[in-house]
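Just below is one structure, and these are the notes that go with it.
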Amino acid sequence: MFSITEYLTHEHRECDELYARVEELLKKGQWEDAKRAFEEFKAETLKHFQREEDVLFPEFEGRTGIVMGPTQVMRMEHAQARELIERMERALEEKKEKEFFAIGDTFMILIQQHNLKEEQILYPMCDQHLDPSEIIQKMENL
Amino acid sequence: MRGLSIHQAPPFQIIALYFSTACVFWFLSSLLELFLFFKRELNLPLLVHSHVVGFALITMFGALFQMLPVVAGAVISEPLKKAIPIYLALLLSSLLFLGGFLLKNENLLLFGATLLMLSIISAVSLMLYYLLPKKSFVPAVRGFKFSLLFLLIATISGYLFLTLKEPLFFKIHYSFILWGWIGGLIASVSFQVIELFYTTPPYPKFFAWHFHILVSFFLLFSLLGASFPYRLPLSILYIIYALTTVYLLLKSKRRVLEYTPKFWLLGMGLLLLASIFFVFGEFLAFLVSFVLFFSSIILGMMQRIVPFLVWFHLSGFGLKDAPLMFEVIPPRRQAITFYSFLILCLSIPFALISTDFLIVSIILHLFTASVLLFNVLGGIGIYLKYVRQGL
C-alpha cells in the first residue's frame with residue numbers, strides 16, 4: 001500500500017530519469033532517438049500534471065477548503081513547466097542543441113524546486129486529509 | 001493567478017540584497033589581502049572573518065530565507081519586513097567588527113562583536129521559530145535546525161573568547177562555525193540538491209539522516225583533548241561525506257553545460273584536504289582549505305540561484321519569454337569564475353612556500369571576485385530592468 005507521497009514522488013523520479021536520457025542521447029548526437037525519448041518524457045510529465053490537476057488538487061481543495069493556497073501555486077508552476085516543455089520540443093525539432101540545453105536547464109531547476117514543495121508540503125498534507133488508496137486508484141484510472 | 005507565486009515565494013529583493021552584499025564582501029576581502037600584502041602583515045583574524053562573516057554568513061542567511069519555505073515548508077510571514085532589518089544589522093555589525101580587526105582597536109572590535117552577536121541571535125531565533133515546529137520529512141530540514149544551533153553556539157563562544165580570552169572558547173568557536181554551521185549547512189543542502197538537480201542516486205539514507213547527530217557528537221569529542229585521536233572521528237566523517245558526494249556526482253545521469261557540478265567536485269576535493277590538515281593539526285593549511293571549500297560551493301550555488309530566481313520571478317509576473325538562466329549568467333561567464341578559482345586554489349601551495357608568490361593568488365582572488373560580482377549584479381540588473389519597464 002503506497003501513500004500519496006510515495007506514489008507521486010516515485011513518478012517525479014521516473015520523469016527525471018526520462019529527461020536525463022534525452023540529454024544523454026543529445027550529447028551523443030542521436031537526434032532521432034532523443035526526439036523519441038523526449039516524447040516519452042513529455043507524455044509522462046504531462047500525465048503526472050493531469051493526475052494532480054484533475055484528481056489530487058480538487059480532492060484536496062474540496063476536503064480542506066484551501067483553494068487559493070499551495071494547489072494554486074502548483075498549477076501556476078505546471079503552466080510555467082508546460083511552456084518550457086513546448087520550447088524544448090521546438091528546439092529539438094529545429095536541432096538547436098544549445099538552446100535545448102538552455103531551456104532544459106531552467107526547466108530542471110523549476111521542476112525540482114516544484115517537486116520539493118510538493119514532496120515536503122503538499123503531498124504529506126494530502127496523505128493527512130485524504131484516503132490514499134482511493135486517490136491513487138482515481139489517478140490510475142485517468 | 002498572476003501574483004500568487006510571488007506571494008508564496010520570498011521576494012527576490014531578499015536574495016538580491018544578501019547575495020550582492022556577500023559578493024561585495026568577497027571582493028573587499030581580496031582588496032584587504034592586497035593591502036595587507038603590501039604592508040607585509042598577516043592579519044589572519046581579519047582575513048578569516050571577512051570570508052566567514054562577510055561572504056559565507058551573509059550568503060547563507062540569504063539562501064536560508066529562500067530555502068526555508070521551499071525545502072521545509074517554513075513560510076516566514078512578511079519576509080521583507082524581517083529580512084531587511086536583519087540585513088542592516090548584519091551589515092553594520094560586520095563592518096564594525098571587521099573594522100575592529102583592521103584598526104586593531106579593541107573597543108571597536110568588542111562593540112562590533114556585540115552587535116554582530118545580537119544580529120546573529122536575532123536571525124537564528126527568527127529562523128528557528130518558523131523551522132522548529134516543522135516536522136523534518138527530509139534530512140536537509142533536520143540539518144538546517146542543527147546548523148542554526150551550531151551557529152548559535154559558535155557565536156556565543158566567539159564572544160566569550162573575545163571577552164574572557166579563555167582558549168577553550170576559541171576552540172569551540174572555530175570548530176562549531178566551520179564544521180558545524182558551514183559544513184553542516186552545506187551538507188544539508190547537498191543531501192537535497194545533488195540527487196534532484198543532477199539525477200544521481202540518493203545519499204545513503206542512514207548516513208544523511210544521522211550526519212548532523214554524528215557531527216554533534218564528534219564536535220564535542222574533539223573538544224575533549226588536543227591530540228590527534230580526538231580530531232579523527234570528525235575528520236573521517238567529513239572525508240566519508242566528501243567521497244560520497246564525489247561518487248554520486250560522478251554517477252549523475254545528466255549532461256549539463258553549466259559549471260555547478262564542477263564547483264561541487266572542486267569543493268569536495270578541498271574539503272578532503274581540509275579534513276586531512278585538521279586531523280594532523282596543520283591549522284593554517286586547514287583554515288585555508290576550508291575557506292576555499294565553502295567558497296567553491298558558494299560560487300557554484302550563487303550563480304545558479306540568482307539566474308533561476310530572475311527567470312522564476314519574471315515568468316511568475318507573466319513576462320512572456322522571460323530570460324532563461326543561461327541568458328542571465330551564461331555558462332561561459334560561470335566558466336571564467338570556475339577556472340580562475342581553480343587556478344587560485346592551485347596557486348595557494350606555492351604561496352604558502354614563498355610569500356612572494358602570494359601576490360599571484362591575491363590577484364586571482366581579485367579577478368574571480370570581480371567576475372562573480374559582475375555576474376551576480378548583472379543578473380540582478382536584468383531583473384530590475386524588466387521590473388522598471390513595467391514588464
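Naming works like this for the C-alpha cells: A, B, ... for the chains as they're shown, residue 1 at the start of each chain, ligands 1 onward in shown order.
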For chain A, work out the contacting residues on chain B at 7 Å, counting only C-alpha atoms, and write them as a list in words. Leu4, Ser5, Val70, Val71, Ala72, Gly73, Phe137, Leu196, Phe197, Thr199, Lys253, Arg254, Arg255, Phe308, Leu324, Met325 and Phe326 of chain B
Give me a file of those residues, with N, CA and C atoms, as a PDB file, in the first residue's frame.
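Output contents, as saved in part37.pdb:
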```pdb
ATOM      1  N   LEU B   4       0.348  35.105  -7.433  1.00  0.00           N
ATOM      2  CA  LEU B   4       0.355  34.057  -6.418  1.00  0.00           C
ATOM      3  C   LEU B   4       1.728  33.537  -6.067  1.00  0.00           C
ATOM      4  N   SER B   5       2.479  33.220  -7.107  1.00  0.00           N
ATOM      5  CA  SER B   5       3.794  32.645  -6.892  1.00  0.00           C
ATOM      6  C   SER B   5       4.668  33.605  -6.088  1.00  0.00           C
ATOM      7  N   VAL B  70      10.725  26.659   0.751  1.00  0.00           N
ATOM      8  CA  VAL B  70      10.711  25.668  -0.325  1.00  0.00           C
ATOM      9  C   VAL B  70      11.031  24.269   0.194  1.00  0.00           C
ATOM     10  N   VAL B  71      12.081  24.162   0.991  1.00  0.00           N
ATOM     11  CA  VAL B  71      12.532  22.829   1.427  1.00  0.00           C
ATOM     12  C   VAL B  71      11.796  22.369   2.680  1.00  0.00           C
ATOM     13  N   ALA B  72      11.552  23.310   3.612  1.00  0.00           N
ATOM     14  CA  ALA B  72      10.988  22.889   4.898  1.00  0.00           C
ATOM     15  C   ALA B  72       9.521  23.261   5.065  1.00  0.00           C
ATOM     16  N   GLY B  73       8.982  24.050   4.138  1.00  0.00           N
ATOM     17  CA  GLY B  73       7.601  24.496   4.282  1.00  0.00           C
ATOM     18  C   GLY B  73       7.460  25.514   5.405  1.00  0.00           C
ATOM     19  N   PHE B 137      10.795  16.066   7.308  1.00  0.00           N
ATOM     20  CA  PHE B 137      10.473  14.963   6.404  1.00  0.00           C
ATOM     21  C   PHE B 137      11.718  14.477   5.659  1.00  0.00           C
ATOM     22  N   LEU B 196      18.508  15.535  -6.694  1.00  0.00           N
ATOM     23  CA  LEU B 196      17.418  16.069  -7.508  1.00  0.00           C
ATOM     24  C   LEU B 196      17.918  16.831  -8.733  1.00  0.00           C
ATOM     25  N   PHE B 197      18.894  17.694  -8.551  1.00  0.00           N
ATOM     26  CA  PHE B 197      19.327  18.540  -9.674  1.00  0.00           C
ATOM     27  C   PHE B 197      20.177  17.784 -10.685  1.00  0.00           C
ATOM     28  N   THR B 199      20.204  14.240 -10.991  1.00  0.00           N
ATOM     29  CA  THR B 199      19.693  12.881 -11.201  1.00  0.00           C
ATOM     30  C   THR B 199      20.769  11.843 -10.850  1.00  0.00           C
ATOM     31  N   LYS B 253      23.287  11.245 -14.058  1.00  0.00           N
ATOM     32  CA  LYS B 253      22.809  10.849 -15.387  1.00  0.00           C
ATOM     33  C   LYS B 253      22.656  12.057 -16.297  1.00  0.00           C
ATOM     34  N   ARG B 254      22.793  13.251 -15.744  1.00  0.00           N
ATOM     35  CA  ARG B 254      22.568  14.445 -16.555  1.00  0.00           C
ATOM     36  C   ARG B 254      23.843  14.865 -17.282  1.00  0.00           C
ATOM     37  N   ARG B 255      23.639  15.547 -18.408  1.00  0.00           N
ATOM     38  CA  ARG B 255      24.775  16.048 -19.189  1.00  0.00           C
ATOM     39  C   ARG B 255      24.638  17.562 -19.272  1.00  0.00           C
ATOM     40  N   PHE B 308      18.146  31.514 -11.742  1.00  0.00           N
ATOM     41  CA  PHE B 308      16.851  30.833 -11.654  1.00  0.00           C
ATOM     42  C   PHE B 308      15.792  31.767 -11.100  1.00  0.00           C
ATOM     43  N   LEU B 324      16.023  33.191 -19.834  1.00  0.00           N
ATOM     44  CA  LEU B 324      16.352  31.905 -19.227  1.00  0.00           C
ATOM     45  C   LEU B 324      17.634  32.029 -18.406  1.00  0.00           C
ATOM     46  N   MET B 325      17.896  30.993 -17.607  1.00  0.00           N
ATOM     47  CA  MET B 325      19.073  31.042 -16.737  1.00  0.00           C
ATOM     48  C   MET B 325      20.363  31.304 -17.529  1.00  0.00           C
ATOM     49  N   PHE B 326      20.484  30.644 -18.683  1.00  0.00           N
ATOM     50  CA  PHE B 326      21.695  30.797 -19.497  1.00  0.00           C
ATOM     51  C   PHE B 326      21.833  32.219 -20.033  1.00  0.00           C
TER      52      PHE B 326
END
```
Would you list the contacts of A:Phe60 as number ranges by chain, taking every protein, DNA or RNA residue within 9 Å and counting only C-alpha atoms, but skipping same-chain residues closer than 2 positions in sequence? A: 55-58, 62-67, 71, 125-126, 129-130
Please measure the separation of atom CA of B:Tyr130 and atom CA of B:Ala208, giving the value in Å to one decimal.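 Atom CA of B:Tyr130 sits 22.5 Å away from atom CA of B:Ala208.
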Extract, using only C-alpha atoms, all DNA, RNA and protein residues at most 10 Å from stretch 378-388 of chain B, discarding same-chain residues fewer than 4 positions from it, and format them as a PyMOL selection string. chain B and resi 12-13+15-17+19-20+303+306-311+313-314+317+319+322-323+325+327-329+372-374
Any chance you could list, as a ChimeraX atom specification, the residues in stretch 72-270 of chain B that come up helix (DSSP H, G or I) when DSSP is run on the backbone? /B:72,79-103,106-131,139-164,167-198,205-222,228-250,260-270
